[in-house]
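A.B. asks: Pasting run_14.cif here (mmCIF, C-alpha atoms):
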data_start
loop_
_atom_site.label_atom_id
_atom_site.label_comp_id
_atom_site.auth_asym_id
_atom_site.auth_seq_id
_atom_site.Cartn_x
_atom_site.Cartn_y
_atom_site.Cartn_z
CA MET C 822 69.42 85.33 87.88
CA GLN C 823 66.70 86.74 85.63
CA LYS C 824 69.01 87.01 82.64
CA GLU C 825 66.46 88.07 80.01
CA SER C 826 64.79 90.59 82.32
CA LEU C 827 68.08 92.19 83.34
CA LEU C 828 69.07 92.57 79.69
CA THR C 829 66.02 94.60 78.66
CA ARG C 830 66.92 98.07 77.44
CA GLU C 831 64.97 99.71 80.26
CA ILE C 832 66.89 97.86 82.97
CA GLN C 833 70.27 98.22 81.28
CA ASP C 834 69.71 101.97 80.94
CA PHE C 835 68.77 102.21 84.61
CA ILE C 836 71.90 100.27 85.64
CA SER C 837 74.13 102.52 83.49
CA GLN C 838 72.50 105.73 84.71
CA ASN C 839 73.04 104.73 88.35
CA THR C 840 76.66 103.62 88.13
CA ASP C 841 77.73 106.50 90.34
CA THR C 842 74.80 106.24 92.77
CA ASP C 843 75.27 104.88 96.27
CA VAL C 844 73.70 101.40 96.23
CA ALA C 845 72.80 101.71 99.92
CA VAL C 846 70.69 104.77 99.06
CA LEU C 847 69.05 102.98 96.12
CA ALA C 848 68.24 100.03 98.37
CA LEU C 849 65.96 102.28 100.45
CA GLN C 850 63.95 103.32 97.41
CA LYS C 851 60.85 101.60 96.06
CA ASN C 852 61.47 99.08 93.29
CA LYS C 853 60.85 100.88 90.01
CA PHE C 854 60.49 97.53 88.22
CA PRO C 855 58.07 95.37 90.29
CA THR C 856 58.32 92.37 87.96
CA ILE C 857 62.07 92.09 88.54
CA ASP C 858 63.94 91.35 91.75
CA TRP C 859 65.19 94.72 93.07
CA ILE C 860 68.17 93.06 94.80
CA ALA C 861 69.31 91.57 91.48
CA ILE C 862 69.28 95.02 89.87
CA LEU C 863 71.18 96.55 92.80
CA ASN C 864 73.76 93.76 92.62
CA GLN C 865 74.34 94.55 88.95
CA ILE C 866 74.89 98.23 89.78
CA ALA C 867 77.31 97.40 92.62
CA ALA C 868 79.29 95.02 90.40
CA ARG C 869 79.39 97.53 87.55
CA GLN C 870 80.83 100.12 89.94
CA LYS C 871 83.70 97.72 90.70
CA ALA C 872 84.17 97.01 87.00
CA LYS C 873 84.70 100.69 86.20
CA THR C 874 88.34 100.57 87.28
CA LYS C 875 88.98 96.82 87.55
CA LEU C 876 87.40 95.74 84.26
CA PRO C 877 87.08 98.77 81.97
CA THR C 878 86.48 96.66 78.84
CA TRP C 879 83.46 95.01 80.49
CA PHE C 880 82.30 98.37 81.85
CA HIS C 881 82.33 100.00 78.41
CA THR C 882 80.64 97.05 76.66
CA LYS C 883 76.85 96.95 76.33
CA ASN C 884 74.67 94.12 77.69
CA ILE C 885 77.20 92.76 80.18
CA LEU C 886 75.91 90.66 83.06
CA TYR C 887 77.81 90.57 86.33
CA PRO C 888 78.08 87.70 88.83
CA GLY C 889 77.72 87.75 92.61
CA LYS C 890 79.92 89.76 94.97
CA ILE C 891 82.40 86.94 95.72
CA SER C 892 83.03 86.20 92.03
CA MET C 893 83.63 89.90 91.35
CA GLU C 894 86.08 90.15 94.24
CA GLN C 895 87.98 87.02 93.23
CA THR C 896 88.27 87.76 89.53
CA SER C 897 91.53 89.00 88.06
CA SER C 898 91.77 92.62 87.01
CA GLU C 899 92.29 93.33 83.33
CA LYS C 900 95.81 94.53 84.09
CA THR C 901 96.88 91.25 85.67
CA ALA C 902 94.98 89.19 83.10
CA LYS C 903 96.81 90.92 80.28
CA TYR C 904 100.13 90.26 82.04
CA LYS C 905 99.29 86.55 82.31
CA SER C 906 98.41 86.36 78.62
CA GLU C 907 101.95 87.41 77.72
CA LEU C 908 103.29 84.27 79.42
CA VAL C 909 101.43 81.74 77.24
CA SER C 910 101.60 80.64 73.61
CA GLY C 911 100.37 77.81 71.42
CA GLU C 912 97.10 76.51 70.02
CA LYS C 913 95.04 75.27 72.99
CA LEU C 914 94.53 76.29 76.63
CA ILE C 915 92.07 74.97 79.21
CA ASP C 916 91.12 76.98 82.28
CA LEU C 917 90.02 74.54 84.98
CA THR C 918 88.60 77.20 87.31
CA GLY C 919 87.04 79.68 84.89
CA GLY C 920 85.21 82.05 87.24
CA PHE C 921 84.16 85.32 85.58
CA GLY C 922 86.44 84.60 82.63
CA VAL C 923 88.62 87.72 82.59
CA ASP C 924 91.84 85.72 82.28
CA ASP C 925 90.38 83.61 79.46
CA TYR C 926 89.33 86.70 77.51
CA TYR C 927 92.98 87.75 77.41
CA PHE C 928 94.34 84.21 76.91
CA ALA C 929 92.09 84.03 73.82
CA LYS C 930 94.00 86.93 72.28
CA LYS C 931 97.17 84.79 72.36
CA ILE C 932 95.80 81.24 72.06
CA LYS C 933 93.70 79.90 69.17
CA ASP C 934 91.25 77.80 71.24
CA VAL C 935 90.42 78.38 74.92
CA ILE C 936 88.12 76.25 77.10
CA HIS C 937 86.49 77.87 80.13
CA CYS C 938 85.46 75.29 82.77
CA GLU C 939 83.09 76.43 85.49
CA ILE C 940 81.19 74.11 87.82
CA ASN C 941 78.58 76.78 88.61
CA ASP C 942 75.94 76.58 85.84
CA GLU C 943 74.65 80.12 86.34
CA LEU C 944 78.13 81.68 86.32
CA SER C 945 79.07 79.67 83.23
CA GLU C 946 75.99 80.98 81.44
CA ILE C 947 76.78 84.58 82.44
CA VAL C 948 80.34 84.22 81.12
CA ARG C 949 79.16 82.62 77.86
CA HIS C 950 76.78 85.53 77.30
CA ASN C 951 79.47 88.11 78.08
CA PHE C 952 81.97 86.54 75.69
CA GLU C 953 79.35 86.92 72.96
CA SER C 954 78.87 90.59 73.87
CA LEU C 955 82.65 91.08 73.90
CA GLY C 956 83.09 89.33 70.53
CA ALA C 957 85.36 86.63 71.97
CA THR C 958 84.40 83.80 69.62
CA ASN C 959 87.26 81.36 70.28
CA ILE C 960 86.32 80.50 73.89
CA GLU C 961 84.19 77.45 74.68
CA CYS C 962 82.32 77.49 78.00
CA ILE C 963 81.62 74.15 79.66
CA ALA C 964 79.57 73.97 82.85
CA ASP C 965 80.95 70.95 84.70
CA ASP C 966 83.63 69.78 87.09
CA SER C 967 87.05 70.25 85.48
CA LEU C 968 88.22 66.77 86.47
CA LYS C 969 85.29 65.22 84.62
CA ILE C 970 85.91 67.47 81.62
CA LEU C 971 89.56 66.42 81.40
CA LYS C 972 88.74 62.73 81.85
CA LYS C 973 86.08 62.85 79.12
CA SER C 974 88.35 64.79 76.79
CA ASN C 975 90.76 63.11 74.41
CA LYS C 976 92.41 66.47 73.75
CA LYS C 977 95.92 67.59 74.55
CA PHE C 978 96.55 71.20 75.47
CA ASP C 979 99.54 73.53 75.33
CA TRP C 980 98.57 75.05 78.68
CA ILE C 981 96.46 74.31 81.73
CA TYR C 982 95.50 77.31 83.85
CA ILE C 983 94.29 76.90 87.44
CA ASP C 984 93.18 79.39 90.08
CA PRO C 985 92.54 77.18 93.15
CA SER C 986 90.13 78.45 95.78
CA ARG C 987 90.55 77.98 99.52
CA ARG C 988 88.01 75.47 100.83
CA ASN C 989 87.74 76.99 104.29
CA ASP C 990 89.60 78.91 106.95
CA ALA C 991 89.69 76.03 109.42
CA LYS C 992 93.49 76.12 109.50
CA GLY C 993 93.57 79.82 110.31
CA LYS C 994 96.10 81.90 108.41
CA VAL C 995 98.08 78.94 107.13
CA PHE C 996 97.60 78.83 103.38
CA MET C 997 98.61 75.59 101.68
CA LEU C 998 97.74 74.55 98.14
CA GLN C 999 96.63 71.13 99.38
CA ASP C 1000 93.84 72.89 101.29
CA CYS C 1001 92.43 74.37 98.08
CA LEU C 1002 90.05 73.18 95.38
CA PRO C 1003 91.24 71.66 93.20
CA ASN C 1004 94.05 70.02 95.19
CA VAL C 1005 96.80 70.85 92.69
CA PRO C 1006 99.73 69.06 94.42
CA GLU C 1007 97.73 65.85 94.50
CA LEU C 1008 96.58 66.17 90.86
CA LEU C 1009 99.80 67.47 89.30
CA ASN C 1010 100.86 64.23 87.57
CA PHE C 1011 97.32 63.81 86.24
CA TYR C 1012 97.38 67.35 84.80
CA PHE C 1013 100.71 66.75 83.06
CA GLU C 1014 99.06 63.94 81.09
CA PHE C 1015 97.06 66.63 79.28
CA ALA C 1016 99.51 69.55 78.96
CA PRO C 1017 103.28 70.16 79.20
CA ASN C 1018 102.78 73.63 80.72
CA ILE C 1019 100.75 74.62 83.77
CA MET C 1020 100.11 78.10 85.20
CA ILE C 1021 98.77 78.33 88.74
CA LYS C 1022 97.48 81.59 90.18
CA THR C 1023 97.56 82.00 93.95
CA ALA C 1024 96.90 84.84 96.36
CA PRO C 1025 99.89 86.84 97.70
CA ILE C 1026 99.35 85.33 101.15
CA LEU C 1027 100.93 82.06 99.96
CA ASP C 1028 104.53 81.87 101.15
CA ILE C 1029 106.92 81.18 98.26
CA THR C 1030 108.93 78.60 100.21
CA ALA C 1031 105.72 76.83 101.27
CA GLY C 1032 104.49 76.78 97.67
CA LEU C 1033 107.74 75.26 96.43
CA SER C 1034 107.52 72.58 99.12
CA GLU C 1035 104.21 71.45 97.61
CA LEU C 1036 104.89 71.88 93.89
CA SER C 1037 107.38 70.16 91.59
CA ASN C 1038 108.47 71.16 88.09
CA VAL C 1039 108.41 74.90 88.85
CA THR C 1040 110.42 76.94 86.33
CA ALA C 1041 109.29 80.47 87.24
CA ILE C 1042 107.34 82.39 89.85
CA HIS C 1043 105.85 85.71 88.79
CA ILE C 1044 104.95 88.17 91.54
CA VAL C 1045 102.47 90.68 90.12
CA ALA C 1046 101.62 93.96 91.83
CA VAL C 1047 99.27 96.72 90.68
CA GLU C 1048 100.12 100.24 91.84
CA ASN C 1049 102.56 98.78 94.38
CA GLU C 1050 100.10 96.29 95.91
CA VAL C 1051 100.86 92.60 95.30
CA LYS C 1052 97.76 91.03 93.75
CA GLU C 1053 98.80 87.53 92.74
CA LEU C 1054 101.54 84.94 92.41
CA LEU C 1055 101.83 83.00 89.15
CA TRP C 1056 103.56 79.62 89.26
CA ILE C 1057 104.84 78.34 85.91
CA LEU C 1058 105.34 74.57 85.78
CA GLU C 1059 106.84 72.54 82.94
CA LYS C 1060 106.76 68.79 82.50
CA ASN C 1061 110.26 67.33 82.96
CA ALA C 1062 111.61 70.75 84.01
CA THR C 1063 115.33 70.93 84.75
CA VAL C 1064 116.11 74.66 84.56
CA PRO C 1065 116.75 76.82 87.67
CA ILE C 1066 113.72 78.67 89.01
CA GLN C 1067 113.36 82.28 87.86
CA ILE C 1068 111.77 84.82 90.19
CA CYS C 1069 110.09 87.53 88.09
CA THR C 1070 108.56 90.60 89.68
CA ALA C 1071 106.27 93.08 87.96
CA ASN C 1072 104.71 96.23 89.37
CA LEU C 1073 102.02 97.46 86.97
CA VAL C 1074 101.77 101.21 87.41
CA LYS C 1075 99.91 103.78 85.33
CA ASP C 1076 102.53 104.68 82.77
CA LYS C 1077 104.91 101.70 82.91
CA THR C 1078 105.69 98.26 84.30
CA GLU C 1079 108.56 97.95 86.77
CA THR C 1080 110.24 94.60 86.29
CA PHE C 1081 113.00 92.85 88.20
CA SER C 1082 114.01 89.21 87.79
CA PHE C 1083 116.64 86.92 89.21
CA GLU C 1084 117.54 83.27 89.43
CA MET C 1085 116.56 81.68 92.71
CA ASN C 1086 119.56 80.75 94.84
CA SER C 1087 121.88 82.47 92.36
CA MET C 1088 125.49 83.37 93.19
CA GLU C 1089 124.79 87.02 92.33
CA ASN C 1090 124.31 87.97 95.97
CA SER C 1091 127.51 89.92 96.71
CA VAL C 1092 126.20 92.56 99.12
CA SER C 1093 128.04 95.73 99.96
CA TYR C 1094 126.92 97.86 102.90
CA GLY C 1095 127.25 101.60 103.33
CA PHE C 1096 126.01 104.65 105.18
CA PRO C 1097 123.38 107.00 103.72
CA LYS C 1098 124.61 108.88 100.67
CA LYS C 1099 122.72 111.29 98.42
CA TYR C 1100 119.79 109.04 97.49
CA VAL C 1101 117.81 106.24 99.13
CA TYR C 1102 115.88 103.51 97.28
CA GLU C 1103 112.91 101.47 98.51
CA PRO C 1104 112.02 98.39 96.41
CA ASN C 1105 108.44 98.04 95.22
CA ALA C 1106 106.01 95.61 96.86
CA ALA C 1107 106.60 92.82 94.32
CA ILE C 1108 110.34 92.82 95.01
CA MET C 1109 109.70 92.93 98.76
CA LYS C 1110 107.55 89.80 98.38
CA SER C 1111 110.24 88.08 96.27
CA GLY C 1112 112.90 88.26 98.98
CA GLY C 1113 115.54 89.21 96.40
CA PHE C 1114 117.04 91.86 98.64
CA ASP C 1115 120.65 90.76 98.31
CA VAL C 1116 120.53 90.67 94.50
CA ILE C 1117 119.79 94.39 94.28
CA PRO C 1118 123.17 95.90 95.32
CA ALA C 1119 125.21 94.18 92.59
CA ARG C 1120 122.51 94.59 89.93
CA PHE C 1121 122.08 98.34 90.46
CA ASP C 1122 125.49 99.22 91.92
CA LEU C 1123 123.96 100.27 95.24
CA GLU C 1124 124.92 99.83 98.88
CA LYS C 1125 122.56 98.37 101.43
CA LEU C 1126 122.04 100.29 104.67
CA HIS C 1127 121.74 97.17 106.84
CA GLN C 1128 121.25 93.44 106.38
CA HIS C 1129 117.62 93.64 107.52
CA SER C 1130 116.64 97.18 106.47
CA HIS C 1131 116.07 96.52 102.74
CA LEU C 1132 116.86 100.13 101.87
CA TYR C 1133 119.64 101.06 99.45
CA THR C 1134 121.74 104.13 98.82
CA SER C 1135 124.02 105.79 96.25
CA ASP C 1136 125.55 109.11 95.28
CA ASN C 1137 124.35 108.78 91.68
CA LEU C 1138 120.67 108.85 90.78
CA ILE C 1139 119.53 105.71 88.94
CA ASP C 1140 116.29 104.35 87.47
CA PHE C 1141 114.99 101.91 90.09
CA PRO C 1142 111.95 99.59 90.41
CA GLY C 1143 110.47 101.27 93.45
CA ARG C 1144 110.40 104.59 95.25
CA VAL C 1145 113.40 106.93 95.05
CA PHE C 1146 114.18 109.78 97.45
CA LYS C 1147 116.79 112.45 97.84
CA ILE C 1148 118.23 112.44 101.36
CA GLU C 1149 118.08 116.00 102.68
CA ASN C 1150 119.41 115.06 106.12
CA SER C 1151 120.27 112.01 108.18
CA ILE C 1152 119.79 112.30 111.93
CA GLY C 1153 120.18 110.02 114.91
CA TYR C 1154 117.06 108.78 116.66
CA THR C 1155 117.72 110.86 119.76
CA LYS C 1156 115.53 113.15 121.82
CA THR C 1157 117.60 116.21 120.91
CA GLU C 1158 117.54 115.65 117.14
CA MET C 1159 113.91 114.53 117.03
CA LYS C 1160 112.82 117.67 118.89
CA GLN C 1161 114.87 119.85 116.55
CA PHE C 1162 113.84 118.32 113.22
CA LEU C 1163 110.52 116.48 113.57
CA GLU C 1164 108.54 117.20 116.73
CA ASN C 1165 105.18 118.86 115.89
CA LYS C 1166 105.98 118.69 112.17
CA LYS C 1167 104.09 117.09 109.25
CA ALA C 1168 105.71 114.10 107.54
CA ASN C 1169 105.14 110.80 105.73
CA ILE C 1170 106.68 108.02 107.83
CA THR C 1171 108.02 104.60 106.83
CA THR C 1172 109.76 102.18 109.19
CA ARG C 1173 112.25 99.56 108.01
CA ASN C 1174 114.04 97.38 110.57
CA PHE C 1175 113.04 99.72 113.38
CA PRO C 1176 111.69 98.85 116.86
CA ASP C 1177 108.87 101.43 117.02
CA SER C 1178 105.74 101.39 114.86
CA VAL C 1179 104.63 104.34 112.74
CA GLU C 1180 101.73 104.91 115.15
CA THR C 1181 104.07 104.97 118.16
CA ILE C 1182 106.45 107.42 116.48
CA ARG C 1183 103.64 109.78 115.49
CA LYS C 1184 102.17 109.76 118.99
CA LYS C 1185 105.50 110.15 120.78
CA TRP C 1186 106.74 113.08 118.68
CA LYS C 1187 103.37 114.61 117.70
CA ILE C 1188 104.06 114.19 113.97
CA LYS C 1189 101.06 114.80 111.69
CA GLU C 1190 100.45 112.85 108.48
CA GLY C 1191 101.11 114.24 104.99
CA GLY C 1192 103.24 116.99 103.55
CA SER C 1193 106.26 116.80 101.25
CA LEU C 1194 108.70 115.45 103.84
CA TYR C 1195 109.33 111.69 103.78
CA CYS C 1196 111.02 110.07 106.76
CA PHE C 1197 112.58 106.62 106.93
CA PHE C 1198 113.09 105.34 110.45
CA THR C 1199 115.65 102.57 110.09
CA THR C 1200 118.90 101.01 111.28
CA ASP C 1201 122.30 101.67 109.71
CA ALA C 1202 125.34 99.45 109.17
CA ASN C 1203 126.57 100.21 112.70
CA ASN C 1204 123.23 99.05 114.16
CA SER C 1205 122.40 102.65 115.11
CA LYS C 1206 118.81 103.88 114.90
CA ILE C 1207 118.61 106.71 112.38
CA VAL C 1208 116.04 108.84 110.55
CA LEU C 1209 116.44 109.82 106.91
CA LEU C 1210 114.71 113.10 106.07
CA CYS C 1211 113.91 112.96 102.35
CA SER C 1212 112.16 114.53 99.42
CA LYS C 1213 110.47 112.21 96.92
CA ILE C 1214 111.86 111.88 93.39
CA GLN C 1215 109.77 109.00 92.01
#
Please lay out the structure from this file as structure tokens.
C.D. replies:
Amino acid sequence: MQKESLLTREIQDFISQNTDTDVAVLALQKNKFPTIDWIAILNQIAARQKAKTKLPTWFHTKNILYPGKISMEQTSSEKTAKYKSELVSGEKLIDLTGGFGVDDYYFAKKIKDVIHCEINDELSEIVRHNFESLGATNIECIADDSLKILKKSNKKFDWIYIDPSRRNDAKGKVFMLQDCLPNVPELLNFYFEFAPNIMIKTAPILDITAGLSELSNVTAIHIVAVENEVKELLWILEKNATVPIQICTANLVKDKTETFSFEMNSMENSVSYGFPKKYVYEPNAAIMKSGGFDVIPARFDLEKLHQHSHLYTSDNLIDFPGRVFKIENSIGYTKTEMKQFLENKKANITTRNFPDSVETIRKKWKIKEGGSLYCFFTTDANNSKIVLLCSKIQ
């Protein structure tokens, strides 16, 4: 990367002025700056476009350099980085897989001294420069392999943070931590020699049961969603841990954070089932990932429609971490009732524990997308196929 050239005022102004321009269109134009690689400039514009919503602090800061496409895609958003920072405390933290450094920027607001390890020299230099531009003075960037850095260091840390990357896709869709770099399960005892607390970030694709089969000393698993899309799993490990594992879900939405936590394998799971009442509740994506479906009825005084439907109902409206609907009508999934209420209509369709897909239902009954009607195609406590015709409350 031509760092000095990209940071000239002329180039930075051009990048800023073209933030909303289609990069594909720009790519067809003649290079306005012949002494500088045109592709490098276009890459900066494309990355800055992503940063506008994902990394607003970086976007609004002058003289920021952006890394390649993969690093931008893999980096945490500011929302999830801020959430992670609330989970740590103490004097020293070392990030073994630094990347673009978004997490470390927020860790540094909570921790006195942060070390950013990054094996890629160029990326490490970009991050060091950006921290200077951002005024983050308590982060040290070291360009080397994290294992070597730890072995050379005589320091003890309060926290180790790791975001392992998948080495390859040779094993298909199976995602195991032992197939990542670094191999955390193999190195866990070594890591605990340097810190009593470890936070591991993984992609949502990792199955929670599979993760627990590979990791010891887990005290909490945080499932973090942004606008109802699960973005990451955070595994909190403590040396000599003996406490039960806490499952903590968070859905970061525009005006609030929906949280729901429970103890894994708790005795709280006394489920009551019932038929559709006045309201229906659909848990957010983080809760769906957690598998805590049977904790919900007792916690919120709700009834579950069916063991496998994961929809809940009540006569009283409550504040709930997910979508809430008023049931306007409940019909059987029969030809007569479908023709009367839904055929050739416009509706938003969700299926829960239902044999037909959304696509099949739309095609069969000629139902168009959109509108203010929300339909849940599901199964009730009598194993009957039903459709809930609803209006959205939240």
A.B. asks: Could you check how far CA of Pro985 in chain C sits from CA of Lys969 in chain C, in Å to one decimal?
C.D. replies: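 CA of Lys969 in chain C lies at a distance of 16.4 Å from CA of Pro985 in chain C.
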A.B. asks: What are the closest atom pairs, with distances in Å to one decimal, for each residue of range 961-1056 of chain C lying within 9 Å of range 1067-1084 of chain C, using only C-alpha atoms, rows by chain and rising residue number, as a tab-separated table?
C.D. replies:
residue	atom	partner	partner_atom	distance
C:Val1039	CA	C:Gln1067	CA	8.9
C:Thr1040	CA	C:Gln1067	CA	6.3
C:Ala1041	CA	C:Gln1067	CA	4.5
C:Ile1042	CA	C:Ile1068	CA	5.1
C:His1043	CA	C:Cys1069	CA	4.7
C:Ile1044	CA	C:Thr1070	CA	4.7
C:Val1045	CA	C:Ala1071	CA	5.0
C:Ala1046	CA	C:Asn1072	CA	4.6
C:Val1047	CA	C:Leu1073	CA	4.7
C:Glu1048	CA	C:Val1074	CA	4.8
C:Asn1049	CA	C:Asn1072	CA	6.0
C:Glu1050	CA	C:Asn1072	CA	8.0
C:Val1051	CA	C:Asn1072	CA	7.9
A.B. asks: Which residues, written as number ranges by chain, have at least one atom at most 12 Å from Gly919 in chain C, with only C-alpha atoms counted and residues fewer than 2 positions away on the same chain left out?
C.D. replies: C: 892, 895-897, 914-917, 921-926, 928, 935-942, 944-949, 960-967, 981-986, 1022
A.B. asks: As a check of understanding, name the residues that the PyMOL selection byres ((chain C and resi 1121-1125) around 12) selects in the supplied structure, as a PyMOL selection string.
C.D. replies: chain C and resi 1081+1089-1104+1114-1120+1126-1142+1199-1202
A.B. asks: Considering only C-alpha atoms, state which residue in the set C:Ile1019, C:Leu971, C:Lys824, C:Glu899 is at the smallest distance from Ile857 in chain C.
C.D. replies: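 Comparing C:Ile1019, C:Leu971, C:Lys824, C:Glu899 against Ile857 in chain C, the winner is C:Lys824.
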A.B. asks: Counting only C-alpha atoms, figure out which residue out of C:Glu1014, C:Asp1028, C:Glu1007, C:Asp1177 gets nearest to Lys1206 in chain C.
C.D. replies: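 When distances to Lys1206 in chain C are compared using only C-alpha atoms, the smallest one comes from C:Asp1177.
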A.B. asks: Apply the PyMOL selection byres ((chain C and resi 870-884) around 9) to the structure shown and report the selected residues as an MDAnalysis selection string.
C.D. replies: chainID C and resid 827:830 833 840:841 865:869 885:886 893:894 897:900 923 950:951 954:955
A.B. asks: Have a look at CA of Cys1001 in chain C and CA of Ile1108 in chain C and let me know their distance in Å, one decimal.
C.D. replies: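 Value for the CA of Cys1001 in chain C-CA of Ile1108 in chain C distance: 25.9 Å.
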A.B. asks: So the first atom is CA of Trp980 in chain C and the second is CA of Ala1024 in chain C; what is the distance between them in Å, to one decimal place?
C.D. replies: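 Taking CA of Trp980 in chain C and CA of Ala1024 in chain C, their separation equals 20.3 Å.
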A.B. asks: Given the PyMOL selection byres ((chain C and resi 1184-1192) around 7) and the file above, list the residues it selects as a list of chain:residue names.
C.D. replies: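 Going through the file, the PyMOL selection byres ((chain C and resi 1184-1192) around 7) ends up selecting C:Leu1163, C:Glu1164, C:Asn1165, C:Lys1166, C:Lys1167, C:Ala1168, C:Asn1169, C:Glu1180, C:Thr1181, C:Ile1182, C:Arg1183, C:Ser1193, C:Leu1194.
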A.B. asks: Go through C:Pro1006, C:Pro1065, C:Gly1113, C:Pro1017 and flag the residue nearest Leu1036 in chain C, using all atoms listed in the file for the distances.
C.D. replies: C:Pro1006
A.B. asks: From the options C:Glu953, C:Phe1015, C:Thr842, C:Glu1149, which residue's atoms come nearest to Ser974 in chain C, counting all atoms listed in the file?
C.D. replies: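 Of C:Glu953, C:Phe1015, C:Thr842, C:Glu1149, the one nearest Ser974 in chain C, counting all atoms listed in the file, is C:Phe1015.
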A.B. asks: Which residue, C:Val909, C:Ala848, C:Ile1148, C:Ile1066, has the smallest gap to Lys931 in chain C when you use all atoms listed in the file?
C.D. replies: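 With all atoms listed in the file as the atom set, the closest residue is C:Val909.
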A.B. asks: Counting all atoms listed in the file, which residue out of C:Gln1161, C:Gln999, C:Gln823, C:Asn959 sits closest to Thr856 in chain C?
C.D. replies: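 Going through C:Gln1161, C:Gln999, C:Gln823, C:Asn959 one by one, the smallest distance to Thr856 in chain C is for C:Gln823.
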A.B. asks: Missing atoms in range 831-836 of chain C: fill them in up to all heavy atoms and send the result as a CSV table (one decimal), keeping the file's coordinate frame.
C.D. replies:
chain,number,residue,atom,x,y,z
C,831,GLU,N,65.4,98.9,79.1
C,831,GLU,CA,65.0,99.7,80.3
C,831,GLU,C,65.8,99.5,81.5
C,831,GLU,O,66.3,100.4,82.1
C,831,GLU,CB,63.5,99.4,80.6
C,831,GLU,CG,62.9,100.3,81.6
C,831,GLU,CD,61.4,100.0,81.9
C,831,GLU,OE1,61.1,98.8,81.7
C,831,GLU,OE2,60.7,100.9,82.4
C,832,ILE,N,66.1,98.2,81.8
C,832,ILE,CA,66.9,97.9,83.0
C,832,ILE,C,68.4,98.2,82.7
C,832,ILE,O,69.0,98.8,83.6
C,832,ILE,CB,66.8,96.4,83.3
C,832,ILE,CG1,65.3,96.0,83.6
C,832,ILE,CG2,67.7,96.0,84.5
C,832,ILE,CD1,64.7,96.7,84.8
C,833,GLN,N,68.9,97.9,81.6
C,833,GLN,CA,70.3,98.2,81.3
C,833,GLN,C,70.5,99.7,81.3
C,833,GLN,O,71.6,100.2,81.8
C,833,GLN,CB,70.7,97.7,79.9
C,833,GLN,CG,70.9,96.2,79.9
C,833,GLN,CD,72.1,95.7,80.7
C,833,GLN,OE1,73.2,96.1,80.5
C,833,GLN,NE2,71.8,94.9,81.7
C,834,ASP,N,69.6,100.5,80.9
C,834,ASP,CA,69.7,102.0,80.9
C,834,ASP,C,69.7,102.4,82.4
C,834,ASP,O,70.5,103.3,82.8
C,834,ASP,CB,68.6,102.7,80.2
C,834,ASP,CG,68.7,102.6,78.7
C,834,ASP,OD1,69.8,102.2,78.2
C,834,ASP,OD2,67.7,102.9,78.0
C,835,PHE,N,68.8,101.8,83.2
C,835,PHE,CA,68.8,102.2,84.6
C,835,PHE,C,70.1,101.9,85.3
C,835,PHE,O,70.6,102.7,86.1
C,835,PHE,CB,67.6,101.5,85.3
C,835,PHE,CG,67.5,101.8,86.7
C,835,PHE,CD1,66.9,103.0,87.2
C,835,PHE,CD2,67.9,100.9,87.7
C,835,PHE,CE1,66.7,103.3,88.5
C,835,PHE,CE2,67.8,101.2,89.1
C,835,PHE,CZ,67.2,102.4,89.5
C,836,ILE,N,70.6,100.7,85.0
C,836,ILE,CA,71.9,100.3,85.6
C,836,ILE,C,73.0,101.2,85.3
C,836,ILE,O,73.8,101.7,86.1
C,836,ILE,CB,72.3,98.8,85.2
C,836,ILE,CG1,71.3,97.8,85.9
C,836,ILE,CG2,73.7,98.5,85.6
C,836,ILE,CD1,71.4,96.4,85.3
